[in-house]
Each structure stands twice: as structure tokens, then as C-alpha cells.
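> For reference, the file start-v3.pdb (PDB, C-alpha atoms, pLDDT in the B column) is included below:
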```
MODEL        1
ATOM      1  CA  MET X  82     -18.690 -11.925  -2.828  1.00 51.00           C
ATOM      2  CA  ASN X  83     -18.898  -8.266  -3.877  1.00 50.00           C
ATOM      3  CA  THR X  84     -22.098  -6.505  -3.057  1.00 51.00           C
ATOM      4  CA  ALA X  85     -23.388  -3.195  -4.305  1.00 55.00           C
ATOM      5  CA  THR X  86     -21.754  -1.471  -1.327  1.00 67.00           C
ATOM      6  CA  GLU X  87     -18.262  -2.821  -2.045  1.00 80.00           C
ATOM      7  CA  THR X  88     -15.696  -1.590  -4.544  1.00 93.00           C
ATOM      8  CA  THR X  89     -12.719  -3.636  -5.725  1.00 96.00           C
ATOM      9  CA  ILE X  90      -9.520  -1.956  -6.934  1.00 97.00           C
ATOM     10  CA  VAL X  91      -6.429  -3.710  -8.319  1.00 98.00           C
ATOM     11  CA  ILE X  92      -2.933  -2.267  -8.331  1.00 98.00           C
ATOM     12  CA  ARG X  93       0.281  -3.880  -9.503  1.00 98.00           C
ATOM     13  CA  GLY X  94       3.773  -3.736  -8.066  1.00 98.00           C
ATOM     14  CA  ARG X  95       7.100  -5.479  -7.645  1.00 98.00           C
ATOM     15  CA  CYS X  96       7.653  -8.375  -5.278  1.00 98.00           C
ATOM     16  CA  VAL X  97      10.151  -7.839  -2.452  1.00 97.00           C
ATOM     17  CA  VAL X  98       9.196 -10.903  -0.380  1.00 97.00           C
ATOM     18  CA  PRO X  99       7.150 -13.626  -2.101  1.00 98.00           C
ATOM     19  CA  GLY X 100       3.909 -15.036  -0.788  1.00 98.00           C
ATOM     20  CA  VAL X 101       0.205 -14.359  -0.515  1.00 98.00           C
ATOM     21  CA  ALA X 102      -1.581 -12.868   2.487  1.00 98.00           C
ATOM     22  CA  GLU X 103      -4.644 -10.803   3.194  1.00 98.00           C
ATOM     23  CA  GLY X 104      -6.050  -8.711   5.975  1.00 98.00           C
ATOM     24  CA  GLU X 105      -7.346  -5.367   7.074  1.00 98.00           C
ATOM     25  CA  ALA X 106      -5.242  -2.416   5.923  1.00 98.00           C
ATOM     26  CA  LEU X 107      -3.463  -0.095   8.330  1.00 97.00           C
ATOM     27  CA  VAL X 108      -2.330   2.978   6.382  1.00 98.00           C
ATOM     28  CA  THR X 109       0.025   5.791   7.344  1.00 97.00           C
ATOM     29  CA  THR X 110       1.542   8.575   5.280  1.00 97.00           C
ATOM     30  CA  GLN X 111       4.435   8.800   7.757  1.00 96.00           C
ATOM     31  CA  PRO X 112       7.583   6.631   7.654  1.00 94.00           C
ATOM     32  CA  ILE X 113       7.891   4.183  10.536  1.00 90.00           C
ATOM     33  CA  SER X 114      10.832   4.022  12.914  1.00 88.00           C
ATOM     34  CA  GLY X 115      11.578   0.454  14.006  1.00 80.00           C
ATOM     35  CA  TRP X 116      13.983   0.982  16.885  1.00 81.00           C
ATOM     36  CA  GLY X 117      12.077   2.989  19.481  1.00 83.00           C
ATOM     37  CA  GLY X 118       9.102   3.458  17.159  1.00 91.00           C
ATOM     38  CA  VAL X 119       7.375   0.104  17.552  1.00 93.00           C
ATOM     39  CA  ASP X 120       6.768  -2.331  20.387  1.00 94.00           C
ATOM     40  CA  PRO X 121       7.321  -5.789  18.907  1.00 94.00           C
ATOM     41  CA  ARG X 122       5.854  -7.509  21.969  1.00 95.00           C
ATOM     42  CA  ASN X 123       2.343  -6.376  21.101  1.00 95.00           C
ATOM     43  CA  GLY X 124       2.771  -5.100  17.538  1.00 94.00           C
ATOM     44  CA  THR X 125       1.985  -1.454  18.151  1.00 96.00           C
ATOM     45  CA  VAL X 126       3.419   1.837  17.001  1.00 95.00           C
ATOM     46  CA  ILE X 127       4.804   3.690  20.024  1.00 95.00           C
ATOM     47  CA  GLU X 128       6.609   6.567  18.327  1.00 92.00           C
ATOM     48  CA  THR X 129       5.567   9.720  20.192  1.00 91.00           C
ATOM     49  CA  ARG X 130       4.485  11.931  17.298  1.00 93.00           C
ATOM     50  CA  HIS X 131       3.396   9.228  14.860  1.00 95.00           C
ATOM     51  CA  GLU X 132      -0.171   9.316  13.534  1.00 96.00           C
ATOM     52  CA  LEU X 133      -0.517   5.569  14.300  1.00 95.00           C
ATOM     53  CA  ARG X 134       0.686   5.858  17.909  1.00 96.00           C
ATOM     54  CA  GLY X 135      -1.059   3.200  19.995  1.00 96.00           C
ATOM     55  CA  GLN X 136      -2.431   1.315  16.986  1.00 96.00           C
ATOM     56  CA  SER X 137      -1.598  -2.309  16.252  1.00 97.00           C
ATOM     57  CA  PHE X 138      -0.166  -3.555  12.970  1.00 96.00           C
ATOM     58  CA  ALA X 139      -0.313  -7.208  14.089  1.00 97.00           C
ATOM     59  CA  GLY X 140      -1.875  -9.366  11.402  1.00 97.00           C
ATOM     60  CA  LYS X 141      -2.712  -6.353   9.223  1.00 98.00           C
ATOM     61  CA  VAL X 142      -1.508  -5.243   5.813  1.00 98.00           C
ATOM     62  CA  LEU X 143       0.785  -2.344   6.681  1.00 97.00           C
ATOM     63  CA  VAL X 144       0.751   0.390   4.026  1.00 98.00           C
ATOM     64  CA  PHE X 145       3.412   3.066   4.574  1.00 96.00           C
ATOM     65  CA  PRO X 146       5.927   5.206   2.672  1.00 96.00           C
ATOM     66  CA  GLY X 147       9.037   3.496   4.071  1.00 91.00           C
ATOM     67  CA  ALA X 148      11.386   3.050   7.003  1.00 89.00           C
ATOM     68  CA  LYS X 149      13.260   5.653   8.996  1.00 88.00           C
ATOM     69  CA  GLY X 150      15.772   5.445  11.788  1.00 80.00           C
ATOM     70  CA  SER X 151      18.572   3.039  12.537  1.00 74.00           C
ATOM     71  CA  SER X 152      19.453  -0.386  11.240  1.00 73.00           C
ATOM     72  CA  GLY X 153      17.687  -1.775  14.337  1.00 81.00           C
ATOM     73  CA  TRP X 154      14.524  -1.566  12.251  1.00 84.00           C
ATOM     74  CA  SER X 155      14.847  -5.155  11.047  1.00 87.00           C
ATOM     75  CA  ALA X 156      15.581  -6.465  14.561  1.00 90.00           C
ATOM     76  CA  GLN X 157      12.316  -5.029  15.887  1.00 91.00           C
ATOM     77  CA  PHE X 158      10.245  -6.600  13.128  1.00 90.00           C
ATOM     78  CA  HIS X 159      12.121  -9.906  13.473  1.00 91.00           C
ATOM     79  CA  VAL X 160      11.110  -9.955  17.145  1.00 94.00           C
ATOM     80  CA  ALA X 161       7.538  -9.050  16.133  1.00 94.00           C
ATOM     81  CA  ARG X 162       7.476 -12.106  13.859  1.00 95.00           C
ATOM     82  CA  LEU X 163       8.753 -14.328  16.673  1.00 95.00           C
ATOM     83  CA  MET X 164       6.105 -12.893  19.013  1.00 96.00           C
ATOM     84  CA  GLY X 165       3.330 -13.383  16.429  1.00 96.00           C
ATOM     85  CA  THR X 166       2.681  -9.627  16.186  1.00 96.00           C
ATOM     86  CA  ALA X 167       4.183  -8.802  12.771  1.00 95.00           C
ATOM     87  CA  PRO X 168       2.145  -7.442   9.871  1.00 96.00           C
ATOM     88  CA  ALA X 169       0.494 -10.015   7.583  1.00 98.00           C
ATOM     89  CA  ALA X 170       1.938  -8.166   4.586  1.00 98.00           C
ATOM     90  CA  TRP X 171       3.806  -4.976   3.691  1.00 97.00           C
ATOM     91  CA  LEU X 172       3.150  -2.378   0.989  1.00 98.00           C
ATOM     92  CA  PHE X 173       5.589   0.535   0.803  1.00 97.00           C
ATOM     93  CA  ASN X 174       6.857   3.137  -1.646  1.00 97.00           C
ATOM     94  CA  GLN X 175      10.508   3.796  -0.792  1.00 95.00           C
ATOM     95  CA  MET X 176      12.919   0.880  -0.983  1.00 93.00           C
ATOM     96  CA  THR X 177      15.844   1.103   1.437  1.00 89.00           C
ATOM     97  CA  THR X 178      18.106  -1.519   2.963  1.00 87.00           C
ATOM     98  CA  LYS X 179      16.247  -1.048   6.274  1.00 88.00           C
ATOM     99  CA  VAL X 180      12.816  -1.836   4.900  1.00 89.00           C
ATOM    100  CA  ALA X 181      14.115  -4.593   2.622  1.00 89.00           C
ATOM    101  CA  LEU X 182      15.770  -6.472   5.480  1.00 88.00           C
ATOM    102  CA  GLY X 183      12.861  -5.778   7.845  1.00 87.00           C
ATOM    103  CA  THR X 184      10.350  -7.281   5.455  1.00 91.00           C
ATOM    104  CA  VAL X 185      12.580 -10.259   4.674  1.00 91.00           C
ATOM    105  CA  VAL X 186      13.022 -11.200   8.351  1.00 91.00           C
ATOM    106  CA  SER X 187       9.273 -10.903   8.947  1.00 90.00           C
ATOM    107  CA  HIS X 188       8.658 -13.653   6.348  1.00 93.00           C
ATOM    108  CA  ALA X 189       5.502 -11.814   5.207  1.00 95.00           C
ATOM    109  CA  PRO X 190       4.704 -10.904   1.587  1.00 98.00           C
ATOM    110  CA  ALA X 191       5.998  -7.460   0.667  1.00 97.00           C
ATOM    111  CA  MET X 192       5.713  -5.260  -2.417  1.00 98.00           C
ATOM    112  CA  THR X 193       6.894  -1.897  -3.751  1.00 98.00           C
ATOM    113  CA  ASP X 194       7.159   0.030  -7.054  1.00 97.00           C
ATOM    114  CA  PHE X 195       3.414   0.231  -7.730  1.00 98.00           C
ATOM    115  CA  ASP X 196       1.571   1.423 -10.825  1.00 98.00           C
ATOM    116  CA  ARG X 197      -0.628   3.513  -8.490  1.00 97.00           C
ATOM    117  CA  ASP X 198       0.389   4.961  -5.113  1.00 98.00           C
ATOM    118  CA  PRO X 199      -1.066   2.632  -2.442  1.00 98.00           C
ATOM    119  CA  LEU X 200      -1.104   5.554   0.013  1.00 97.00           C
ATOM    120  CA  GLU X 201      -3.624   7.277  -2.263  1.00 97.00           C
ATOM    121  CA  VAL X 202      -5.661   4.169  -3.118  1.00 97.00           C
ATOM    122  CA  ILE X 203      -5.850   2.168   0.130  1.00 98.00           C
ATOM    123  CA  ARG X 204      -7.608   3.344   3.289  1.00 97.00           C
ATOM    124  CA  THR X 205      -7.320   1.989   6.820  1.00 97.00           C
ATOM    125  CA  GLY X 206      -9.999  -0.668   7.220  1.00 97.00           C
ATOM    126  CA  ASP X 207     -10.039  -1.760   3.573  1.00 98.00           C
ATOM    127  CA  TRP X 208      -9.620  -5.503   3.031  1.00 98.00           C
ATOM    128  CA  VAL X 209      -6.390  -6.086   1.088  1.00 98.00           C
ATOM    129  CA  LYS X 210      -5.104  -9.239  -0.571  1.00 98.00           C
ATOM    130  CA  VAL X 211      -1.396  -9.140  -1.383  1.00 98.00           C
ATOM    131  CA  ASP X 212      -0.275 -11.631  -4.023  1.00 98.00           C
ATOM    132  CA  ALA X 213       3.411 -10.750  -4.155  1.00 98.00           C
ATOM    133  CA  ASP X 214       4.136 -13.832  -6.255  1.00 98.00           C
ATOM    134  CA  ASN X 215       2.161 -12.312  -9.136  1.00 98.00           C
ATOM    135  CA  GLY X 216       2.654  -8.628  -8.256  1.00 98.00           C
ATOM    136  CA  ILE X 217      -1.047  -8.002  -7.613  1.00 98.00           C
ATOM    137  CA  VAL X 218      -2.768  -6.156  -4.762  1.00 98.00           C
ATOM    138  CA  THR X 219      -6.558  -6.408  -4.585  1.00 98.00           C
ATOM    139  CA  ILE X 220      -8.316  -3.837  -2.400  1.00 98.00           C
ATOM    140  CA  THR X 221     -11.930  -4.284  -1.320  1.00 98.00           C
ATOM    141  CA  ARG X 222     -13.449  -1.105   0.003  1.00 91.00           C
ATOM    142  CA  LYS X 223     -16.752  -1.418   1.807  1.00 74.00           C
TER     143      LYS X 223
ENDMDL
END
```
Once you've parsed the file, please lay out its structure as C-alpha cells.

Amino acid sequence: MNTATETTIVIRGRCVVPGVAEGEALVTTQPISGWGGVDPRNGTVIETRHELRGQSFAGKVLVFPGAKGSSGWSAQFHVARLMGTAPAAWLFNQMTTKVALGTVVSHAPAMTDFDRDPLEVIRTGDWVKVDADNGIVTITRK
């Protein structure tokens, strides 16, 4: 399926939540606040000074450094899952109890501890397949 205008990159990491999913990447270099930082009803970032403010993570592969804020983080992403607006998969660098629980309640594949920093490799709009079962992330850049 690759054409001359596409590049495929593979990175490896550790599974946090098993499963396989793929979708368009949404990348931010800023941590995400769950409580007060996202609107789970429509799957958008609403944090005032966040670089993704107004953008939707629904059905996308969310690539971010980690979670910030209160323990309400997981509640917001649990509601997003129930509303059908959660990310398709999660790729993050900093493991905390907030992000661990948030990814678990979303029931979407999640990975961390990569051999290459996903924030440096993946760009918003890239097509990303997350195979958390095997610890493989395949990025197709067009």
C-alpha cells in the first residue's frame, strides 16, 4: 500500500493496555489535563492555554507526554469512552497513576517506554497503527 510519497517508521514500546487500533495521529508536546481540560461529550481539548484547544481526539491516536491535574483525569476519559469520543489509542512518555487508570478505563490500546520518542517521530495527521499486544507502533507519513 506504500507509494513513493509515503514513509513507514516503526517504533517499539511497552504495553499498558492491550489491543490493536489505528487512526490519524493527534500530537501534542504538552501534558493534558483531564478534569477541566477536556470535554468528554465531544472529545475535545478545552484547556485554555493548551496547543490543542478546540481540537478533537475522538477516534484518533493521541500522542502526548503524559497527564497533569487531578485524579479526575480517568473519570473524564471514562465518560469519553461511554460517549464514543475517546481516543482510538494512546501513546505517552510519562507513566503516572493518572494516565495509567485513564487509559485502562478507556479500553483503548495504550503504550509507553518507547525505543524512540513518539513526540519526535510522529506528526499530527500521520496514520498510526498501535499493536500494543506486540509492542509495535507503525507510523505512515504521507
> Taking all atoms listed in the file into account, which of X:Lys141, X:Lys223, X:Lys149, X:His188 comes nearest Glu105 in chain X?
X:Lys141
> With only C-alpha atoms as the atoms that count, which of X:Ile92, X:Val119, X:Val218, X:Ala170 lies nearest to Gly104 in chain X?
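With only C-alpha atoms as the atom set, the closest residue is X:Ala170.
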> Under the rule that only C-alpha atoms are counted, which of X:Ala139, X:Val91, X:Ala102, X:Val160 is the nearest residue to Ala213 in chain X?
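Nearest to Ala213 in chain X: X:Ala102.
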> So what does the PyMOL selection byres ((chain X and resi 146) around 6) actually pick up in this one, as a VMD selection string?
chain X and resid 112 145 147 173 to 175
> Name the closest residue to Gly100 in chain X among the candidates X:Val202, X:Val185, X:Val126, X:Ile220; distances are taken between atoms, counting all atoms listed in the file.
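Between X:Val202, X:Val185, X:Val126, X:Ile220, the residue approaching Gly100 in chain X most closely is X:Val185.
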> As an exercise, work out the distance from CA of Trp116 in chain X to CA of Ala156 in chain X in Å and give it to one decimal place.
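So the two atoms, CA of Trp116 in chain X and CA of Ala156 in chain X, lie 8.0 Å apart.
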> Name the residues within 8 Å of (2.9, -12.6, 17.3), counting only C-alpha atoms in the file's coordinates, and put them as a JSON list (two decimals) with C-alpha atoms, in the frame of the given file.

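Writing the result to part.json gives the following:
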```
[["chain", "number", "residue", "atom", "x", "y", "z"],
["X", 122, "ARG", "CA", 5.85, -7.51, 21.97],
["X", 123, "ASN", "CA", 2.34, -6.38, 21.10],
["X", 124, "GLY", "CA", 2.77, -5.10, 17.54],
["X", 139, "ALA", "CA", -0.31, -7.21, 14.09],
["X", 161, "ALA", "CA", 7.54, -9.05, 16.13],
["X", 162, "ARG", "CA", 7.48, -12.11, 13.86],
["X", 163, "LEU", "CA", 8.75, -14.33, 16.67],
["X", 164, "MET", "CA", 6.10, -12.89, 19.01],
["X", 165, "GLY", "CA", 3.33, -13.38, 16.43],
["X", 166, "THR", "CA", 2.68, -9.63, 16.19],
["X", 167, "ALA", "CA", 4.18, -8.80, 12.77]]
```
> Report, in Å to a single decimal, how far apart CA of Val101 in chain X and CA of Glu132 in chain X are.
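Here the two named atoms are 27.5 Å from each other.
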> Restricting the calculation to only C-alpha atoms: of X:Thr109, X:Ser152, X:Gln157, X:Gln136, which residue gets closest to Pro121 in chain X?
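When distances to Pro121 in chain X are compared using only C-alpha atoms, the smallest one comes from X:Gln157.
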> Kindly indicate which residue among X:Ser137, X:Gly153, X:Thr205, X:Ile127 lies nearest to Val180 in chain X, using only C-alpha atoms for the distances.
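Using only C-alpha atoms, Val180 in chain X sits closest to X:Gly153.
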> Please write as a list in words the full residue list that the PyMOL selection byres ((chain X and resi 98) around 6) yields on this file.
Cys96, Val97, Pro99, Pro190 and Ala191 of chain X
> In Å, rounded to a single decimal, give me how far CA of Thr184 in chain X is from CA of Val209 in chain X.
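For CA of Val209 in chain X relative to CA of Thr184 in chain X, the distance reads 17.3 Å.
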> Find the residues around Ala148 in chain X up to 10 Å (all atoms listed in the file counted), leave out those fewer than 5 positions away in its own chain, and share them as a list in words.
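Listing them by chain and then by number gives Gln111, Pro112, Ile113, Ser114, Gly115, Trp154, Ser155, Phe173, Asn174, Gln175, Met176, Thr177, Thr178, Lys179, Val180, Ala181 and Gly183 of chain X.
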> List, as an MDAnalysis selection string, every residue that the PyMOL selection byres ((chain X and resi 194) around 6) selects in the file provided.
chainID X and resid 94:95 193 195
> For the point (9.0, 11.7, 18.4) in the file's frame, write as a PyMOL selection string all residues with an atom no more than 10 Å away, counting all atoms listed in the file.
chain X and resi 114+117-118+127-131
> Mind checking which residues fall within 6 Å of Arg222 in chain X, counting all atoms listed in the file, ignoring those fewer than 3 positions away in the same chain, and posting them as a VMD selection string?
chain X and resid 87 to 88 207
